[in-house]
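Reviewing the structure listed below.
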Amino acid sequence: MAKYGEGDKRWIVEERADGTNVHNWHWAERDCLEWSRARLSALLAGLTVLDGEGGLTLRTTTLDKLDGEAYVNIRKGKVIPGYELSLTLSWEAEAATEGGVLAKVAGAAEVPYLADENADEDPDLRVTVRGEETPLARRAKDAFLASGKPLVLEKIREYVAAMAKGGPARDELESKTTPTKAAAAPGGTAPAPAPAAKKDEAAPAPKEKKAKGKDKEGFKTIEMTEKFYCRAKDMYEILMDENRWRGFTQSNARISREVGGEFSLFDGSITGVNEELQEGKLIAQKWRFGSWPDGLYSSVRLVFDEPESGVTVIKLKQTDVPEEDKYGNSTVVENTERGWRELIFQRIRGVFGFGI
């Protein structure tokens, strides 16, 4: 065994005079709790959930509480995030009563456990009302579950993605791994300018983006096929009956059964017009979220097929779904598709016993 100070220098990590952790080779840890508090507050506070749809205004207000720990470890340039958090977010709603008086109600949305070990899953989110359970309070709570919960979870996913990239240490990490373009050449001389391109050499043409299907730029198409143990006319009736909509969504609904008639779903979050109706066979509608750019509608077609007695297959096609809403949120397509699957089709299976 070599004596202290006499070891092979190739295996000794000496201290640098400038104290630099070269390329983050050594283990470096950054506390991210206060950064997380600021980041989550910026993401979650002041979100507009409903802006007068169905006569209800609903928005988040402040991030009241954030407890736990959050940190980022960096080793050999690799980011290893760690966090275990609980948070409470306040929301408020207001609506005009029959007498024209503006009534208000407040509540909270709580995420009891947000952790890196479950980064690929949405956390549990609990919605409560502060004060008496009035009709407006119940309506506001149901509206937050239907429209506010997906929005809050979307913002939490943005935080999770930011932590995976290094959180507050990201800029520092990139500055240490990306050489600057203006770095001087060895010897202190400035790098020589690149030779000018010859006039007879044409500059490379920019690559053209490939068209994806027939979607217009900035819009997408949603398609899915769902199977139910029931008759086609039963599914048609459920989707066209406002009382059954209220039952399986626990939210207000108004649905016209006439071509050209209007409908309003999930406390006014979704509105539209019937374009074509064939009992037990087809529902075609102009359909939009209140958060979409004004005047913009998608086209929804629900085709019902009964390949065998007691089994119904629904083919959904929704075209012209905007990639962003009017607030700049870019997960409209994902949230719309998830809403059809989780808030409509899965709830119908559970409530009416049509499960597969």
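In the structure tokens, each chain is lettered A, B, ... as it comes, each chain's residues begin at 1, and ligands are numbered from 1 in order of appearance.
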Exercise for review: Name all residues at most 10 Å from A:Ala115 (count only C-alpha atoms; drop same-chain ones fewer than 5 positions away) and give them as an MDAnalysis selection string.
Suggested key: chainID A and resid 68:70 81:86 120:121 123 160
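Excluding A:Thr61 itself and same-chain residues fewer than 5 positions from it, the residues having an atom within 7 Å of it are Ala45, Gly46, Ser90, Trp91 and Glu92 of chain A, counting only C-alpha atoms.
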Please produce a file of the residues just selected, as a PDB file, in the first residue's frame, where the atoms kept are all heavy atoms.
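Output below, filename out05.pdb:
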```pdb
ATOM      1  N   ALA A  45     -51.321  29.002  -9.996  1.00  0.00           N
ATOM      2  CA  ALA A  45     -52.118  30.132  -9.503  1.00  0.00           C
ATOM      3  C   ALA A  45     -52.662  30.961 -10.672  1.00  0.00           C
ATOM      4  O   ALA A  45     -51.977  31.168 -11.665  1.00  0.00           O
ATOM      5  CB  ALA A  45     -51.281  31.009  -8.577  1.00  0.00           C
ATOM      6  N   GLY A  46     -53.904  31.392 -10.537  1.00  0.00           N
ATOM      7  CA  GLY A  46     -54.478  32.280 -11.549  1.00  0.00           C
ATOM      8  C   GLY A  46     -54.942  31.595 -12.817  1.00  0.00           C
ATOM      9  O   GLY A  46     -55.086  32.259 -13.851  1.00  0.00           O
ATOM     10  N   SER A  90     -55.843  26.958  -3.765  1.00  0.00           N
ATOM     11  CA  SER A  90     -57.172  27.538  -3.553  1.00  0.00           C
ATOM     12  C   SER A  90     -57.844  27.848  -4.885  1.00  0.00           C
ATOM     13  O   SER A  90     -57.184  28.196  -5.863  1.00  0.00           O
ATOM     14  CB  SER A  90     -57.082  28.828  -2.731  1.00  0.00           C
ATOM     15  OG  SER A  90     -56.755  28.547  -1.394  1.00  0.00           O
ATOM     16  N   TRP A  91     -59.187  27.748  -4.898  1.00  0.00           N
ATOM     17  CA  TRP A  91     -59.951  28.149  -6.067  1.00  0.00           C
ATOM     18  C   TRP A  91     -61.201  28.895  -5.618  1.00  0.00           C
ATOM     19  O   TRP A  91     -61.628  28.789  -4.468  1.00  0.00           O
ATOM     20  CB  TRP A  91     -60.319  26.945  -6.936  1.00  0.00           C
ATOM     21  CG  TRP A  91     -61.092  25.843  -6.249  1.00  0.00           C
ATOM     22  CD1 TRP A  91     -60.574  24.705  -5.705  1.00  0.00           C
ATOM     23  CD2 TRP A  91     -62.515  25.769  -6.045  1.00  0.00           C
ATOM     24  NE1 TRP A  91     -61.574  23.928  -5.170  1.00  0.00           N
ATOM     25  CE2 TRP A  91     -62.774  24.547  -5.377  1.00  0.00           C
ATOM     26  CE3 TRP A  91     -63.582  26.591  -6.361  1.00  0.00           C
ATOM     27  CZ2 TRP A  91     -64.068  24.158  -5.016  1.00  0.00           C
ATOM     28  CZ3 TRP A  91     -64.872  26.214  -6.012  1.00  0.00           C
ATOM     29  CH2 TRP A  91     -65.109  25.000  -5.343  1.00  0.00           C
ATOM     30  N   GLU A  92     -61.771  29.661  -6.516  1.00  0.00           N
ATOM     31  CA  GLU A  92     -62.990  30.387  -6.208  1.00  0.00           C
ATOM     32  C   GLU A  92     -63.904  30.384  -7.419  1.00  0.00           C
ATOM     33  O   GLU A  92     -63.439  30.306  -8.561  1.00  0.00           O
ATOM     34  CB  GLU A  92     -62.688  31.821  -5.772  1.00  0.00           C
ATOM     35  CG  GLU A  92     -62.029  32.680  -6.835  1.00  0.00           C
ATOM     36  CD  GLU A  92     -61.754  34.091  -6.350  1.00  0.00           C
ATOM     37  OE1 GLU A  92     -61.766  34.313  -5.134  1.00  0.00           O
ATOM     38  OE2 GLU A  92     -61.513  34.970  -7.210  1.00  0.00           O
TER      39      GLU A  92
END
```
Practice item. Give me the residues within 9 Å of A:Asp124 as a ChimeraX atom specification, counting only C-alpha atoms and dropping any in the same chain fewer than 6 places off. Key: /A:110-114
Same residues, all heavy atoms, saved as a PDB file, in the first residue's frame:
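Final output, saved to out16.pdb:
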```pdb
ATOM      1  N   GLU A 110     -56.279  19.651  -3.389  1.00  0.00           N
ATOM      2  CA  GLU A 110     -55.116  19.137  -2.648  1.00  0.00           C
ATOM      3  C   GLU A 110     -54.487  17.952  -3.367  1.00  0.00           C
ATOM      4  O   GLU A 110     -55.173  17.038  -3.817  1.00  0.00           O
ATOM      5  CB  GLU A 110     -55.533  18.706  -1.247  1.00  0.00           C
ATOM      6  CG  GLU A 110     -54.384  18.151  -0.415  1.00  0.00           C
ATOM      7  CD  GLU A 110     -54.842  17.551   0.896  1.00  0.00           C
ATOM      8  OE1 GLU A 110     -56.068  17.507   1.129  1.00  0.00           O
ATOM      9  OE2 GLU A 110     -53.979  17.098   1.671  1.00  0.00           O
ATOM     10  N   VAL A 111     -53.171  18.005  -3.494  1.00  0.00           N
ATOM     11  CA  VAL A 111     -52.391  16.865  -3.980  1.00  0.00           C
ATOM     12  C   VAL A 111     -51.602  16.349  -2.780  1.00  0.00           C
ATOM     13  O   VAL A 111     -50.601  16.952  -2.381  1.00  0.00           O
ATOM     14  CB  VAL A 111     -51.436  17.279  -5.122  1.00  0.00           C
ATOM     15  CG1 VAL A 111     -50.570  16.089  -5.552  1.00  0.00           C
ATOM     16  CG2 VAL A 111     -52.222  17.810  -6.320  1.00  0.00           C
ATOM     17  N   PRO A 112     -52.045  15.253  -2.157  1.00  0.00           N
ATOM     18  CA  PRO A 112     -51.397  14.806  -0.920  1.00  0.00           C
ATOM     19  C   PRO A 112     -50.017  14.189  -1.134  1.00  0.00           C
ATOM     20  O   PRO A 112     -49.211  14.164  -0.208  1.00  0.00           O
ATOM     21  CB  PRO A 112     -52.377  13.771  -0.366  1.00  0.00           C
ATOM     22  CG  PRO A 112     -53.151  13.299  -1.552  1.00  0.00           C
ATOM     23  CD  PRO A 112     -53.240  14.458  -2.489  1.00  0.00           C
ATOM     24  N   TYR A 113     -49.742  13.689  -2.347  1.00  0.00           N
ATOM     25  CA  TYR A 113     -48.452  13.026  -2.554  1.00  0.00           C
ATOM     26  C   TYR A 113     -48.026  13.154  -4.008  1.00  0.00           C
ATOM     27  O   TYR A 113     -48.643  12.584  -4.904  1.00  0.00           O
ATOM     28  CB  TYR A 113     -48.545  11.554  -2.166  1.00  0.00           C
ATOM     29  CG  TYR A 113     -47.217  10.824  -2.165  1.00  0.00           C
ATOM     30  CD1 TYR A 113     -46.240  11.141  -1.237  1.00  0.00           C
ATOM     31  CD2 TYR A 113     -46.957   9.815  -3.085  1.00  0.00           C
ATOM     32  CE1 TYR A 113     -45.017  10.471  -1.224  1.00  0.00           C
ATOM     33  CE2 TYR A 113     -45.743   9.133  -3.079  1.00  0.00           C
ATOM     34  CZ  TYR A 113     -44.776   9.470  -2.139  1.00  0.00           C
ATOM     35  OH  TYR A 113     -43.566   8.803  -2.140  1.00  0.00           O
ATOM     36  N   LEU A 114     -46.976  13.938  -4.230  1.00  0.00           N
ATOM     37  CA  LEU A 114     -46.360  14.099  -5.545  1.00  0.00           C
ATOM     38  C   LEU A 114     -44.899  13.707  -5.402  1.00  0.00           C
ATOM     39  O   LEU A 114     -44.152  14.375  -4.692  1.00  0.00           O
ATOM     40  CB  LEU A 114     -46.499  15.545  -6.019  1.00  0.00           C
ATOM     41  CG  LEU A 114     -45.783  15.926  -7.321  1.00  0.00           C
ATOM     42  CD1 LEU A 114     -46.363  15.151  -8.501  1.00  0.00           C
ATOM     43  CD2 LEU A 114     -45.884  17.429  -7.563  1.00  0.00           C
TER      44      LEU A 114
END
```
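Near A:Thr312, within 10 Å and counting only C-alpha atoms, sit Glu226, Lys227, Phe228, Tyr229, Cys230, Arg231, Ala232, Lys233, Asp234, Met235, Gly280, Phe304, Asp305, Glu306, Pro307, Glu308 and Phe354 of chain A; same-chain residues fewer than 4 positions away were not included.
Nearest to A:Ala146 of all the residues A:Asn329, A:Ser264, A:Thr249, A:Asn118 is A:Thr249, counting only C-alpha atoms.
For the residues A:Tyr159, A:Trp35, A:Tyr236, A:Phe248, ranking by smallest atom-to-atom distance to A:Gly350 using only C-alpha atoms places A:Phe248 first.
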Practice item. Tell me, as a ChimeraX atom specification, which residues lie within 6 Å of A:Ala253, counting only C-alpha atoms; anything in the same chain fewer than 3 positions away does not count. Key: /A:242,246,264-265
Residue subset to file, keeping all heavy atoms, as an mmCIF file, in the first residue's frame:
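part.cif, freshly written:
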```
data_model
loop_
_atom_site.group_PDB
_atom_site.id
_atom_site.type_symbol
_atom_site.label_atom_id
_atom_site.label_comp_id
_atom_site.auth_asym_id
_atom_site.auth_seq_id
_atom_site.Cartn_x
_atom_site.Cartn_y
_atom_site.Cartn_z
ATOM 1 N N GLU A 242 -80.167 14.516 -21.628
ATOM 2 C CA GLU A 242 -79.464 15.396 -20.688
ATOM 3 C C GLU A 242 -79.558 14.905 -19.252
ATOM 4 O O GLU A 242 -78.631 15.124 -18.451
ATOM 5 C CB GLU A 242 -79.990 16.819 -20.805
ATOM 6 C CG GLU A 242 -81.458 17.000 -20.565
ATOM 7 C CD GLU A 242 -81.924 18.406 -20.872
ATOM 8 O OE1 GLU A 242 -81.465 19.000 -21.871
ATOM 9 O OE2 GLU A 242 -82.764 18.912 -20.108
ATOM 10 N N ARG A 246 -76.350 14.165 -16.828
ATOM 11 C CA ARG A 246 -76.160 14.688 -15.473
ATOM 12 C C ARG A 246 -75.835 13.567 -14.506
ATOM 13 O O ARG A 246 -75.045 13.730 -13.568
ATOM 14 C CB ARG A 246 -77.429 15.404 -15.013
ATOM 15 C CG ARG A 246 -77.761 16.677 -15.778
ATOM 16 C CD ARG A 246 -78.893 17.443 -15.109
ATOM 17 N NE ARG A 246 -79.370 18.541 -15.947
ATOM 18 C CZ ARG A 246 -80.526 18.539 -16.596
ATOM 19 N NH1 ARG A 246 -81.335 17.496 -16.489
ATOM 20 N NH2 ARG A 246 -80.882 19.570 -17.338
ATOM 21 N N SER A 264 -75.071 21.776 -24.343
ATOM 22 C CA SER A 264 -74.090 22.297 -23.396
ATOM 23 C C SER A 264 -73.789 21.196 -22.386
ATOM 24 O O SER A 264 -74.708 20.639 -21.778
ATOM 25 C CB SER A 264 -74.646 23.534 -22.690
ATOM 26 O OG SER A 264 -73.790 23.939 -21.631
ATOM 27 N N LEU A 265 -72.506 20.858 -22.218
ATOM 28 C CA LEU A 265 -72.104 19.734 -21.368
ATOM 29 C C LEU A 265 -71.089 20.188 -20.319
ATOM 30 O O LEU A 265 -70.400 21.191 -20.501
ATOM 31 C CB LEU A 265 -71.486 18.619 -22.218
ATOM 32 C CG LEU A 265 -72.286 18.167 -23.445
ATOM 33 C CD1 LEU A 265 -71.460 17.197 -24.277
ATOM 34 C CD2 LEU A 265 -73.603 17.545 -23.032
#
```
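Minimum atom-to-atom distances from A:Thr57, A:Val321, A:Met163, A:Phe266 to A:Cys32 were compared using only C-alpha atoms, and the lowest value belongs to A:Met163.
Nearest to A:Tyr327 of all the residues A:Leu151, A:Leu302, A:Leu282, A:Leu56 is A:Leu151, based on only C-alpha atoms.
Taking only C-alpha atoms into account, A:Ile348 lies nearest to A:Glu237 out of the set A:Asp31, A:Glu237, A:Asp122, A:Glu334.
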Check your understanding: Got a sec to tell me which of stretch 78-156 of chain A DSSP assigns to strand (DSSP E), as an MDAnalysis selection string?
Key -> chainID A and resid 78:96 102:115 126:130
Include C-alpha atoms and write out the residues we just selected as a tab-separated table (two decimals), in the first residue's frame.
```
chain	number	residue	atom	x	y	z
A	78	LYS	CA	-26.57	12.91	-15.39
A	79	VAL	CA	-29.62	14.50	-13.76
A	80	ILE	CA	-31.27	12.55	-10.92
A	81	PRO	CA	-34.31	14.42	-9.55
A	82	GLY	CA	-35.85	13.62	-6.19
A	83	TYR	CA	-38.98	15.05	-4.60
A	84	GLU	CA	-41.78	14.16	-2.21
A	85	LEU	CA	-44.28	17.00	-1.98
A	86	SER	CA	-47.80	17.78	-0.86
A	87	LEU	CA	-49.58	20.91	-2.01
A	88	THR	CA	-52.83	22.79	-1.53
A	89	LEU	CA	-54.27	25.14	-4.14
A	90	SER	CA	-57.17	27.54	-3.55
A	91	TRP	CA	-59.95	28.15	-6.07
A	92	GLU	CA	-62.99	30.39	-6.21
A	93	ALA	CA	-66.19	30.45	-8.24
A	94	GLU	CA	-68.99	32.93	-8.74
A	95	ALA	CA	-72.36	32.91	-10.47
A	96	ALA	CA	-75.39	35.14	-10.69
A	102	LEU	CA	-73.59	37.59	-7.49
A	103	ALA	CA	-72.91	34.55	-5.30
A	104	LYS	CA	-69.41	33.32	-4.53
A	105	VAL	CA	-67.92	30.10	-3.21
A	106	ALA	CA	-64.35	29.04	-2.44
A	107	GLY	CA	-62.59	25.72	-2.16
A	108	ALA	CA	-59.30	23.89	-2.32
A	109	ALA	CA	-57.59	21.33	-4.52
A	110	GLU	CA	-55.12	19.14	-2.65
A	111	VAL	CA	-52.39	16.87	-3.98
A	112	PRO	CA	-51.40	14.81	-0.92
A	113	TYR	CA	-48.45	13.03	-2.55
A	114	LEU	CA	-46.36	14.10	-5.55
A	115	ALA	CA	-43.15	12.10	-5.82
A	126	ARG	CA	-58.84	15.95	-4.02
A	127	VAL	CA	-61.32	18.81	-4.42
A	128	THR	CA	-63.16	20.27	-1.43
A	129	VAL	CA	-65.47	23.21	-0.73
A	130	ARG	CA	-64.80	25.67	2.07
```
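Distance annotation: of A:Gly339, A:Pro168, A:Gly290, A:Gly268, the residue with the minimal separation from A:Asn73 is A:Pro168; atom set is only C-alpha atoms.
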Near-A:Trp340 list (12 Å; only C-alpha atoms; drop same-chain fewer than 3 positions) as a PDB file with N, CA, C and O atoms, in the first residue's frame:
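New file selection.pdb:
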```pdb
ATOM      1  N   ALA A 146     -64.502  18.272 -13.320  1.00  0.00           N
ATOM      2  CA  ALA A 146     -64.626  17.996 -14.745  1.00  0.00           C
ATOM      3  C   ALA A 146     -63.638  18.786 -15.590  1.00  0.00           C
ATOM      4  O   ALA A 146     -63.040  18.247 -16.525  1.00  0.00           O
ATOM      5  N   ILE A 222     -58.747  13.282 -33.715  1.00  0.00           N
ATOM      6  CA  ILE A 222     -58.828  12.238 -32.687  1.00  0.00           C
ATOM      7  C   ILE A 222     -59.708  11.115 -33.218  1.00  0.00           C
ATOM      8  O   ILE A 222     -60.807  11.369 -33.712  1.00  0.00           O
ATOM      9  N   GLU A 223     -59.225   9.891 -33.107  1.00  0.00           N
ATOM     10  CA  GLU A 223     -60.009   8.731 -33.513  1.00  0.00           C
ATOM     11  C   GLU A 223     -59.890   7.653 -32.455  1.00  0.00           C
ATOM     12  O   GLU A 223     -58.788   7.397 -31.947  1.00  0.00           O
ATOM     13  N   MET A 224     -60.991   7.032 -32.106  1.00  0.00           N
ATOM     14  CA  MET A 224     -60.954   5.913 -31.173  1.00  0.00           C
ATOM     15  C   MET A 224     -62.165   5.020 -31.404  1.00  0.00           C
ATOM     16  O   MET A 224     -63.194   5.461 -31.930  1.00  0.00           O
ATOM     17  N   THR A 225     -62.015   3.765 -31.011  1.00  0.00           N
ATOM     18  CA  THR A 225     -63.083   2.784 -31.127  1.00  0.00           C
ATOM     19  C   THR A 225     -63.347   2.201 -29.749  1.00  0.00           C
ATOM     20  O   THR A 225     -62.415   1.734 -29.085  1.00  0.00           O
ATOM     21  N   GLU A 226     -64.595   2.249 -29.303  1.00  0.00           N
ATOM     22  CA  GLU A 226     -64.967   1.777 -27.970  1.00  0.00           C
ATOM     23  C   GLU A 226     -66.086   0.738 -28.077  1.00  0.00           C
ATOM     24  O   GLU A 226     -66.990   0.860 -28.901  1.00  0.00           O
ATOM     25  N   LEU A 239     -76.289   9.198 -24.719  1.00  0.00           N
ATOM     26  CA  LEU A 239     -75.518  10.342 -25.198  1.00  0.00           C
ATOM     27  C   LEU A 239     -76.387  11.519 -25.625  1.00  0.00           C
ATOM     28  O   LEU A 239     -75.899  12.644 -25.721  1.00  0.00           O
ATOM     29  N   THR A 249     -72.056  12.096 -15.335  1.00  0.00           N
ATOM     30  CA  THR A 249     -70.965  13.078 -15.229  1.00  0.00           C
ATOM     31  C   THR A 249     -71.031  13.891 -13.945  1.00  0.00           C
ATOM     32  O   THR A 249     -70.065  14.580 -13.609  1.00  0.00           O
ATOM     33  N   ILE A 270     -68.326  22.529 -22.476  1.00  0.00           N
ATOM     34  CA  ILE A 270     -68.414  22.085 -23.864  1.00  0.00           C
ATOM     35  C   ILE A 270     -69.756  22.538 -24.432  1.00  0.00           C
ATOM     36  O   ILE A 270     -70.795  22.348 -23.793  1.00  0.00           O
ATOM     37  N   VAL A 300     -67.438  16.448 -34.703  1.00  0.00           N
ATOM     38  CA  VAL A 300     -67.484  15.155 -34.030  1.00  0.00           C
ATOM     39  C   VAL A 300     -68.462  14.236 -34.761  1.00  0.00           C
ATOM     40  O   VAL A 300     -69.584  14.641 -35.081  1.00  0.00           O
ATOM     41  N   LEU A 302     -69.929  10.298 -34.222  1.00  0.00           N
ATOM     42  CA  LEU A 302     -70.028   9.059 -33.458  1.00  0.00           C
ATOM     43  C   LEU A 302     -70.880   8.089 -34.272  1.00  0.00           C
ATOM     44  O   LEU A 302     -72.079   8.313 -34.472  1.00  0.00           O
ATOM     45  N   ILE A 314     -68.675   1.792 -30.911  1.00  0.00           N
ATOM     46  CA  ILE A 314     -68.763   3.196 -31.282  1.00  0.00           C
ATOM     47  C   ILE A 314     -67.425   3.626 -31.870  1.00  0.00           C
ATOM     48  O   ILE A 314     -66.379   3.439 -31.247  1.00  0.00           O
ATOM     49  N   LYS A 315     -67.487   4.198 -33.073  1.00  0.00           N
ATOM     50  CA  LYS A 315     -66.286   4.746 -33.694  1.00  0.00           C
ATOM     51  C   LYS A 315     -66.389   6.268 -33.636  1.00  0.00           C
ATOM     52  O   LYS A 315     -67.307   6.867 -34.198  1.00  0.00           O
ATOM     53  N   LEU A 316     -65.448   6.876 -32.910  1.00  0.00           N
ATOM     54  CA  LEU A 316     -65.410   8.324 -32.748  1.00  0.00           C
ATOM     55  C   LEU A 316     -64.351   8.917 -33.668  1.00  0.00           C
ATOM     56  O   LEU A 316     -63.220   8.425 -33.717  1.00  0.00           O
ATOM     57  N   LYS A 317     -64.716   9.961 -34.371  1.00  0.00           N
ATOM     58  CA  LYS A 317     -63.743  10.736 -35.147  1.00  0.00           C
ATOM     59  C   LYS A 317     -64.025  12.208 -34.905  1.00  0.00           C
ATOM     60  O   LYS A 317     -65.131  12.692 -35.152  1.00  0.00           O
ATOM     61  N   GLN A 318     -63.035  12.921 -34.381  1.00  0.00           N
ATOM     62  CA  GLN A 318     -63.162  14.349 -34.099  1.00  0.00           C
ATOM     63  C   GLN A 318     -62.061  15.084 -34.850  1.00  0.00           C
ATOM     64  O   GLN A 318     -60.874  14.910 -34.565  1.00  0.00           O
ATOM     65  N   VAL A 333     -55.269  18.473 -27.421  1.00  0.00           N
ATOM     66  CA  VAL A 333     -55.606  17.197 -28.070  1.00  0.00           C
ATOM     67  C   VAL A 333     -55.548  16.061 -27.057  1.00  0.00           C
ATOM     68  O   VAL A 333     -56.472  15.238 -26.965  1.00  0.00           O
ATOM     69  N   GLU A 334     -54.483  16.028 -26.272  1.00  0.00           N
ATOM     70  CA  GLU A 334     -54.323  14.982 -25.264  1.00  0.00           C
ATOM     71  C   GLU A 334     -55.463  15.012 -24.244  1.00  0.00           C
ATOM     72  O   GLU A 334     -56.049  13.976 -23.903  1.00  0.00           O
ATOM     73  N   ASN A 335     -55.807  16.213 -23.765  1.00  0.00           N
ATOM     74  CA  ASN A 335     -56.862  16.326 -22.757  1.00  0.00           C
ATOM     75  C   ASN A 335     -58.238  15.999 -23.328  1.00  0.00           C
ATOM     76  O   ASN A 335     -59.079  15.420 -22.640  1.00  0.00           O
ATOM     77  N   THR A 336     -58.473  16.374 -24.592  1.00  0.00           N
ATOM     78  CA  THR A 336     -59.756  16.068 -25.220  1.00  0.00           C
ATOM     79  C   THR A 336     -59.925  14.560 -25.385  1.00  0.00           C
ATOM     80  O   THR A 336     -60.982  13.996 -25.080  1.00  0.00           O
ATOM     81  N   GLU A 337     -58.870  13.906 -25.845  1.00  0.00           N
ATOM     82  CA  GLU A 337     -58.934  12.453 -26.027  1.00  0.00           C
ATOM     83  C   GLU A 337     -59.124  11.748 -24.683  1.00  0.00           C
ATOM     84  O   GLU A 337     -59.937  10.820 -24.558  1.00  0.00           O
ATOM     85  N   LEU A 343     -63.818  10.419 -18.929  1.00  0.00           N
ATOM     86  CA  LEU A 343     -64.947  11.140 -18.338  1.00  0.00           C
ATOM     87  C   LEU A 343     -66.279  10.818 -18.998  1.00  0.00           C
ATOM     88  O   LEU A 343     -67.333  11.137 -18.448  1.00  0.00           O
ATOM     89  N   ILE A 344     -66.238  10.187 -20.161  1.00  0.00           N
ATOM     90  CA  ILE A 344     -67.486   9.837 -20.852  1.00  0.00           C
ATOM     91  C   ILE A 344     -67.626   8.327 -20.982  1.00  0.00           C
ATOM     92  O   ILE A 344     -68.473   7.709 -20.329  1.00  0.00           O
ATOM     93  N   PHE A 345     -66.798   7.692 -21.804  1.00  0.00           N
ATOM     94  CA  PHE A 345     -66.993   6.270 -22.095  1.00  0.00           C
ATOM     95  C   PHE A 345     -66.796   5.376 -20.865  1.00  0.00           C
ATOM     96  O   PHE A 345     -67.599   4.481 -20.605  1.00  0.00           O
ATOM     97  N   GLN A 346     -65.731   5.621 -20.094  1.00  0.00           N
ATOM     98  CA  GLN A 346     -65.503   4.776 -18.919  1.00  0.00           C
ATOM     99  C   GLN A 346     -66.578   4.988 -17.855  1.00  0.00           C
ATOM    100  O   GLN A 346     -66.985   4.038 -17.179  1.00  0.00           O
ATOM    101  N   ARG A 347     -67.049   6.222 -17.710  1.00  0.00           N
ATOM    102  CA  ARG A 347     -68.099   6.470 -16.722  1.00  0.00           C
ATOM    103  C   ARG A 347     -69.421   5.832 -17.153  1.00  0.00           C
ATOM    104  O   ARG A 347     -70.176   5.355 -16.299  1.00  0.00           O
ATOM    105  N   ILE A 348     -69.708   5.814 -18.442  1.00  0.00           N
ATOM    106  CA  ILE A 348     -70.912   5.146 -18.923  1.00  0.00           C
ATOM    107  C   ILE A 348     -70.856   3.659 -18.585  1.00  0.00           C
ATOM    108  O   ILE A 348     -71.833   3.058 -18.117  1.00  0.00           O
TER     109      ILE A 348
END
```
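Near A:Leu44, within 8 Å and counting only C-alpha atoms, sit Thr60, Thr62, Leu63, Leu89, Val152 and Lys155 of chain A; same-chain residues fewer than 5 positions away were not included.
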Mind dumping the selected residues with all heavy atoms as a PDB file, in the first residue's frame?
```pdb
ATOM      1  N   THR A  60     -58.448  29.288 -10.319  1.00  0.00           N
ATOM      2  CA  THR A  60     -57.580  29.044  -9.173  1.00  0.00           C
ATOM      3  C   THR A  60     -57.041  30.389  -8.695  1.00  0.00           C
ATOM      4  O   THR A  60     -56.938  31.340  -9.480  1.00  0.00           O
ATOM      5  CB  THR A  60     -56.408  28.119  -9.542  1.00  0.00           C
ATOM      6  OG1 THR A  60     -55.585  28.760 -10.531  1.00  0.00           O
ATOM      7  CG2 THR A  60     -56.928  26.801 -10.102  1.00  0.00           C
ATOM      8  N   THR A  62     -54.432  30.942  -5.388  1.00  0.00           N
ATOM      9  CA  THR A  62     -53.056  30.913  -4.877  1.00  0.00           C
ATOM     10  C   THR A  62     -52.637  29.496  -4.494  1.00  0.00           C
ATOM     11  O   THR A  62     -53.475  28.650  -4.177  1.00  0.00           O
ATOM     12  CB  THR A  62     -52.914  31.806  -3.630  1.00  0.00           C
ATOM     13  OG1 THR A  62     -53.835  31.361  -2.627  1.00  0.00           O
ATOM     14  CG2 THR A  62     -53.194  33.259  -3.972  1.00  0.00           C
ATOM     15  N   LEU A  63     -51.343  29.276  -4.517  1.00  0.00           N
ATOM     16  CA  LEU A  63     -50.775  28.056  -3.968  1.00  0.00           C
ATOM     17  C   LEU A  63     -50.591  28.297  -2.473  1.00  0.00           C
ATOM     18  O   LEU A  63     -49.676  29.002  -2.050  1.00  0.00           O
ATOM     19  CB  LEU A  63     -49.433  27.733  -4.637  1.00  0.00           C
ATOM     20  CG  LEU A  63     -48.715  26.474  -4.159  1.00  0.00           C
ATOM     21  CD1 LEU A  63     -49.503  25.221  -4.539  1.00  0.00           C
ATOM     22  CD2 LEU A  63     -47.305  26.402  -4.739  1.00  0.00           C
ATOM     23  N   LEU A  89     -53.994  24.034  -3.225  1.00  0.00           N
ATOM     24  CA  LEU A  89     -54.266  25.144  -4.141  1.00  0.00           C
ATOM     25  C   LEU A  89     -55.684  25.652  -3.887  1.00  0.00           C
ATOM     26  O   LEU A  89     -56.625  24.862  -3.781  1.00  0.00           O
ATOM     27  CB  LEU A  89     -54.136  24.645  -5.584  1.00  0.00           C
ATOM     28  CG  LEU A  89     -54.460  25.603  -6.722  1.00  0.00           C
ATOM     29  CD1 LEU A  89     -53.407  26.696  -6.809  1.00  0.00           C
ATOM     30  CD2 LEU A  89     -54.523  24.838  -8.049  1.00  0.00           C
ATOM     31  N   VAL A 152     -55.120  21.300 -13.909  1.00  0.00           N
ATOM     32  CA  VAL A 152     -54.127  21.282 -12.831  1.00  0.00           C
ATOM     33  C   VAL A 152     -53.119  20.150 -13.036  1.00  0.00           C
ATOM     34  O   VAL A 152     -51.905  20.336 -12.884  1.00  0.00           O
ATOM     35  CB  VAL A 152     -54.819  21.137 -11.461  1.00  0.00           C
ATOM     36  CG1 VAL A 152     -53.804  20.867 -10.361  1.00  0.00           C
ATOM     37  CG2 VAL A 152     -55.612  22.400 -11.130  1.00  0.00           C
ATOM     38  N   LYS A 155     -50.546  21.022 -15.628  1.00  0.00           N
ATOM     39  CA  LYS A 155     -49.507  21.920 -15.136  1.00  0.00           C
ATOM     40  C   LYS A 155     -48.512  21.183 -14.231  1.00  0.00           C
ATOM     41  O   LYS A 155     -47.314  21.485 -14.237  1.00  0.00           O
ATOM     42  CB  LYS A 155     -50.143  23.089 -14.376  1.00  0.00           C
ATOM     43  CG  LYS A 155     -51.009  23.983 -15.241  1.00  0.00           C
ATOM     44  CD  LYS A 155     -50.221  24.599 -16.379  1.00  0.00           C
ATOM     45  CE  LYS A 155     -51.068  25.540 -17.215  1.00  0.00           C
ATOM     46  NZ  LYS A 155     -50.297  26.118 -18.346  1.00  0.00           N
TER      47      LYS A 155
END
```
